[in-house]
file work_3.txt (compact mmCIF, C-alpha atoms)
# COMPACT_ATOMS: atom_id res chain seq x y z
CA MET A 61 26.56 -59.35 15.45
CA VAL A 62 26.38 -57.95 11.87
CA ARG A 63 24.82 -60.45 9.49
CA VAL A 64 27.15 -61.49 6.68
CA TYR A 65 26.30 -62.44 3.10
CA PRO A 66 24.66 -64.81 2.12
CA ASP A 67 22.45 -64.61 5.25
CA PRO A 68 18.88 -64.69 3.84
CA ILE A 69 17.68 -61.81 6.05
CA LEU A 70 19.82 -59.46 3.97
CA ARG A 71 17.55 -60.15 0.99
CA LYS A 72 14.24 -59.65 2.82
CA PRO A 73 12.49 -56.32 2.25
CA ALA A 74 11.86 -54.69 5.63
CA HIS A 75 8.36 -53.85 6.82
CA PRO A 76 7.39 -50.37 8.07
CA VAL A 77 7.57 -49.72 11.80
CA ARG A 78 5.22 -47.63 13.91
CA PRO A 79 7.13 -44.88 15.73
CA GLY A 80 6.73 -45.19 19.49
CA SER A 81 5.90 -48.89 19.30
CA THR A 82 7.75 -51.55 21.27
CA GLU A 83 9.23 -52.81 17.97
CA ALA A 84 10.47 -49.34 16.96
CA ARG A 85 12.06 -48.75 20.37
CA ALA A 86 13.74 -52.17 20.35
CA VAL A 87 15.16 -51.82 16.84
CA ALA A 88 16.35 -48.23 17.50
CA GLU A 89 18.11 -49.32 20.68
CA ALA A 90 19.66 -52.34 18.94
CA LEU A 91 20.86 -50.14 16.06
CA ARG A 92 22.46 -47.65 18.46
CA GLY A 93 24.17 -50.43 20.41
CA ALA A 94 25.49 -52.19 17.30
CA PHE A 95 26.53 -48.90 15.67
CA ALA A 96 28.61 -47.99 18.71
CA ARG A 97 30.60 -51.22 18.25
CA ILE A 98 31.29 -51.06 14.51
CA GLU A 99 33.51 -49.07 12.22
CA GLY A 100 31.05 -47.78 9.68
CA LEU A 101 28.89 -44.84 8.71
CA GLY A 102 25.57 -46.61 8.58
CA LEU A 103 23.73 -49.75 9.54
CA ALA A 104 20.34 -51.13 8.48
CA ALA A 105 18.09 -53.09 10.81
CA ASN A 106 18.21 -56.27 8.73
CA GLN A 107 22.00 -56.30 9.09
CA ILE A 108 21.47 -56.99 12.79
CA GLY A 109 18.55 -59.39 12.43
CA PHE A 110 15.46 -57.14 12.36
CA VAL A 111 13.19 -57.08 9.32
CA SER A 112 12.09 -53.57 10.31
CA ARG A 113 12.36 -50.50 8.09
CA ALA A 114 14.92 -48.66 10.21
CA ALA A 115 18.53 -47.58 9.81
CA ILE A 116 21.12 -45.51 11.59
CA VAL A 117 23.51 -43.16 9.80
CA ARG A 118 26.22 -40.68 10.71
CA LEU A 119 26.16 -38.07 7.97
CA LYS A 120 28.99 -35.91 9.34
CA GLU A 121 31.99 -36.76 11.45
CA GLY A 122 31.50 -35.72 15.06
CA GLU A 123 27.71 -35.52 14.78
CA GLU A 124 25.32 -37.83 16.60
CA PRO A 125 24.02 -40.66 14.44
CA ILE A 126 20.43 -40.39 13.19
CA VAL A 127 17.96 -43.25 13.60
CA MET A 128 15.68 -43.20 10.58
CA LEU A 129 12.37 -45.03 10.75
CA ASN A 130 10.64 -45.81 7.46
CA PRO A 131 13.15 -43.91 5.29
CA ARG A 132 12.04 -43.29 1.75
CA ILE A 133 14.03 -41.65 -1.02
CA LEU A 134 11.80 -38.99 -2.60
CA TRP A 135 14.23 -37.74 -5.24
CA ARG A 136 17.57 -38.71 -6.77
CA SER A 137 19.70 -36.31 -8.77
CA PRO A 138 20.23 -37.27 -12.41
CA ASP A 139 23.98 -36.80 -11.88
CA ILE A 140 25.71 -40.09 -11.10
CA ALA A 141 28.93 -40.56 -9.13
CA LEU A 142 31.15 -43.62 -9.48
CA GLU A 143 32.79 -44.19 -6.09
CA GLU A 144 34.21 -47.07 -4.19
CA GLU A 145 31.82 -48.74 -1.77
CA GLY A 146 32.00 -51.53 0.77
CA CYS A 147 29.60 -53.10 3.22
CA LEU A 148 29.77 -54.52 6.73
CA SER A 149 27.77 -57.51 5.45
CA LEU A 150 30.39 -58.18 2.74
CA PRO A 151 33.54 -57.50 4.76
CA GLY A 152 36.88 -57.22 3.04
CA VAL A 153 35.73 -56.30 -0.47
CA TRP A 154 35.01 -53.01 -2.21
CA ALA A 155 33.87 -52.08 -5.68
CA VAL A 156 33.06 -48.93 -7.63
CA VAL A 157 29.29 -48.44 -7.53
CA PRO A 158 27.20 -45.90 -9.46
CA ARG A 159 24.93 -43.81 -7.21
CA ALA A 160 23.01 -40.56 -7.55
CA LYS A 161 25.17 -37.62 -6.40
CA ALA A 162 22.33 -36.18 -4.31
CA VAL A 163 19.10 -37.47 -2.76
CA ARG A 164 16.16 -36.21 -0.79
CA VAL A 165 15.03 -38.64 1.89
CA GLU A 166 11.98 -38.57 4.15
CA TYR A 167 11.93 -40.48 7.42
CA GLN A 168 10.35 -40.48 10.85
CA ASP A 169 12.14 -40.15 14.15
CA GLU A 170 11.28 -42.34 17.11
CA ASP A 171 8.51 -39.94 18.19
CA GLY A 172 6.88 -40.10 14.76
CA GLN A 173 8.02 -36.63 13.66
CA LYS A 174 8.60 -36.50 9.88
CA HIS A 175 11.92 -35.16 8.61
CA THR A 176 13.20 -34.48 5.12
CA LEU A 177 16.89 -34.23 4.35
CA GLU A 178 18.64 -33.39 1.13
CA VAL A 179 22.18 -34.74 1.08
CA GLN A 180 24.91 -35.08 -1.48
CA ASP A 181 28.17 -36.87 -2.11
CA LEU A 182 29.08 -39.33 0.67
CA GLY A 183 25.85 -38.65 2.58
CA ALA A 184 23.77 -39.41 -0.52
CA ARG A 185 25.73 -42.60 -1.14
CA LEU A 186 25.25 -43.66 2.48
CA ILE A 187 21.48 -43.05 2.44
CA GLN A 188 21.08 -44.96 -0.83
CA HIS A 189 23.16 -47.85 0.51
CA GLU A 190 21.10 -48.17 3.72
CA VAL A 191 17.72 -47.77 1.99
CA ASP A 192 18.84 -50.46 -0.48
CA HIS A 193 19.49 -52.77 2.49
CA LEU A 194 15.94 -52.18 3.72
CA ASP A 195 14.70 -53.17 0.25
CA GLY A 196 16.78 -56.38 0.28
CA VAL A 197 19.34 -54.95 -2.17
CA LEU A 198 23.12 -55.13 -1.70
CA PHE A 199 25.77 -52.94 -3.34
CA ILE A 200 26.86 -55.89 -5.47
CA ASP A 201 23.44 -55.79 -7.16
CA HIS A 202 24.47 -52.51 -8.82
CA LEU A 203 27.47 -54.15 -10.52
CA SER A 204 27.63 -55.86 -13.88
CA VAL A 205 27.16 -59.63 -13.73
CA SER A 206 30.85 -60.30 -14.40
CA GLU A 207 31.98 -57.74 -11.80
CA ARG A 208 29.53 -59.12 -9.21
CA GLN A 209 30.87 -62.63 -9.82
CA ARG A 210 34.43 -61.38 -9.42
CA VAL A 211 33.63 -59.51 -6.18
CA LEU A 212 31.83 -62.56 -4.76
CA ARG A 213 34.73 -64.83 -5.72
CA VAL A 214 37.14 -62.54 -3.85
CA PHE A 215 34.67 -62.31 -0.94
CA ARG A 216 34.66 -66.11 -0.62
CA GLU A 217 38.48 -66.09 -0.68
CA VAL A 218 38.51 -63.44 2.05
CA GLN A 219 36.14 -65.54 4.16
CA VAL A 220 38.37 -68.63 3.76
CA ARG A 221 41.45 -66.60 4.77
CA LYS A 222 39.59 -65.22 7.75
CA LYS A 223 38.68 -68.73 8.94
CA GLU A 224 42.33 -69.75 8.54
CA GLY A 225 43.49 -66.73 10.54
CA GLN A 226 45.19 -65.01 7.58
CA PRO A 227 44.89 -61.31 6.69
CA SER A 228 41.59 -60.81 4.91
CA ALA A 229 41.42 -57.30 3.46
CA VAL A 230 41.38 -57.45 -0.31
CA GLN A 231 40.29 -54.55 -2.49
CA VAL A 232 38.25 -55.24 -5.61
CA ARG A 233 37.87 -52.45 -8.15
CA ALA A 234 35.27 -52.34 -10.89
call {"tool": "encode", "arguments": {"input": "work_3.txt", "output": "structure tokens"}}
result
Amino acid sequence: MVRVYPDPILRKPAHPVRPGSTEARAVAEALRGAFARIEGLGLAANQIGFVSRAAIVRLKEGEEPIVMLNPRILWRSPDIALEEEGCLSLPGVWAVVPRAKAVRVEYQDEDGQKHTLEVQDLGARLIQHEVDHLDGVLFIDHLSVSERQRVLRVFREVQVRKKEGQPSAVQVRA
């Protein structure tokens, strides 16, 4: 269900969607359905096969997830946090990724209403990660060349183990 690297759709920038359209309804419904079946905090449309600018995120535990159409980061704090990050499209590997500590994001809901959120810490990291997906960018693109190569080498090893039925969770630290 979730597309896995190196699936080419993960590198395609998503196109804007018109709230209320058949496309927007279909992608929102697909995101909700997929999100209910995964263990994650966010999911971008291209991770489930849609090249639509839409994502779903759960910013706080216990809250309903938010479907964001056409999300756009308006501002990033100059303060950077180095935290461990993983991705459903690169299962089994993690690396320390630099991200802005806070962001302001604008998006539309399914009815076309505009919303602006300012989030920090994990929420900011999550928004940046999902918006990156919609731009065709993966977390590994924020790593040095040598670290990216190392993470991808371990990822390939994890995939081989998975095919062989062996435990596959390996942690990679930058």
call {"tool": "residues_around", "arguments": {"input": "work_3.txt", "residues": "Ile187 in chain A", "least_positions_apart": "2", "cutoff": "9 Å", "atoms": "all atoms listed in the file", "output": "count of residues only"}}
result
16
call {"tool": "atom_distance", "arguments": {"input": "work_3.txt", "atom1": "CA of Glu83 in chain A", "atom2": "CA of Gln168 in chain A"}}
result
14.3 Å
call {"tool": "residues_around", "arguments": {"input": "work_3.txt", "residues": "Thr82 in chain A", "least_positions_apart": "6", "cutoff": "12 Å", "atoms": "all atoms listed in the file", "output": "ChimeraX atom specification"}}
result
/A:88-89,112,170
call {"tool": "residues_around", "arguments": {"input": "work_3.txt", "residues": "range 123-127 of chain A", "least_positions_apart": "5", "cutoff": "10 Å", "atoms": "only C-alpha atoms", "output": "PyMOL selection string"}}
result
chain A and resi 87-89+91-92+95-96+101-104+114-118+167-170
call {"tool": "write_last_selection", "arguments": {"input": "work_3.txt", "atoms": "C-alpha atoms", "output": "PDB file, in the frame of the given file"}}
result
ATOM      1  CA  VAL A  87      15.160 -51.820  16.840  1.00  0.00           C
ATOM      2  CA  ALA A  88      16.350 -48.230  17.500  1.00  0.00           C
ATOM      3  CA  GLU A  89      18.110 -49.320  20.680  1.00  0.00           C
ATOM      4  CA  LEU A  91      20.860 -50.140  16.060  1.00  0.00           C
ATOM      5  CA  ARG A  92      22.460 -47.650  18.460  1.00  0.00           C
ATOM      6  CA  PHE A  95      26.530 -48.900  15.670  1.00  0.00           C
ATOM      7  CA  ALA A  96      28.610 -47.990  18.710  1.00  0.00           C
ATOM      8  CA  LEU A 101      28.890 -44.840   8.710  1.00  0.00           C
ATOM      9  CA  GLY A 102      25.570 -46.610   8.580  1.00  0.00           C
ATOM     10  CA  LEU A 103      23.730 -49.750   9.540  1.00  0.00           C
ATOM     11  CA  ALA A 104      20.340 -51.130   8.480  1.00  0.00           C
ATOM     12  CA  ALA A 114      14.920 -48.660  10.210  1.00  0.00           C
ATOM     13  CA  ALA A 115      18.530 -47.580   9.810  1.00  0.00           C
ATOM     14  CA  ILE A 116      21.120 -45.510  11.590  1.00  0.00           C
ATOM     15  CA  VAL A 117      23.510 -43.160   9.800  1.00  0.00           C
ATOM     16  CA  ARG A 118      26.220 -40.680  10.710  1.00  0.00           C
ATOM     17  CA  TYR A 167      11.930 -40.480   7.420  1.00  0.00           C
ATOM     18  CA  GLN A 168      10.350 -40.480  10.850  1.00  0.00           C
ATOM     19  CA  ASP A 169      12.140 -40.150  14.150  1.00  0.00           C
ATOM     20  CA  GLU A 170      11.280 -42.340  17.110  1.00  0.00           C
TER      21      GLU A 170
END
call {"tool": "axis_aligned_box", "arguments": {"input": "work_3.txt", "around": "range 143-154 of chain A", "padding_each_side": "5 Å", "output": "JSON"}}
result
{"center_x": 32.3, "center_y": -51.2, "center_z": 0.3, "size_x": 19.1, "size_y": 24.0, "size_z": 22.8}
call {"tool": "closest_residue", "arguments": {"input": "work_3.txt", "among": "A:Leu70, A:Ser206, A:Asp195, A:Glu166", "to": "Leu148 in chain A", "atoms": "only C-alpha atoms"}}
result
A:Leu70
call {"tool": "atom_distance", "arguments": {"input": "work_3.txt", "atom1": "CA of Glu145 in chain A", "atom2": "CA of Phe199 in chain A"}}
result
7.5 Å
call {"tool": "closest_residue", "arguments": {"input": "work_3.txt", "among": "A:Pro68, A:Gly100, A:Arg63, A:Leu212", "to": "Glu121 in chain A", "atoms": "all atoms listed in the file"}}
result
A:Gly100
call {"tool": "closest_residue", "arguments": {"input": "work_3.txt", "among": "A:Leu186, A:Val153, A:Val214, A:Met61", "to": "Lys120 in chain A", "atoms": "only C-alpha atoms"}}
result
A:Leu186
call {"tool": "closest_residue", "arguments": {"input": "work_3.txt", "among": "A:Arg136, A:Gly172, A:Leu142, A:Val218", "to": "Ser81 in chain A", "atoms": "all atoms listed in the file"}}
result
A:Gly172
call {"tool": "closest_residue", "arguments": {"input": "work_3.txt", "among": "A:Arg85, A:Gly122, A:Asn130, A:Val220", "to": "Gln173 in chain A", "atoms": "only C-alpha atoms"}}
result
A:Asn130
call {"tool": "closest_residue", "arguments": {"input": "work_3.txt", "among": "A:Leu150, A:Leu177, A:Ala160, A:Val77", "to": "Glu217 in chain A", "atoms": "all atoms listed in the file"}}
result
A:Leu150
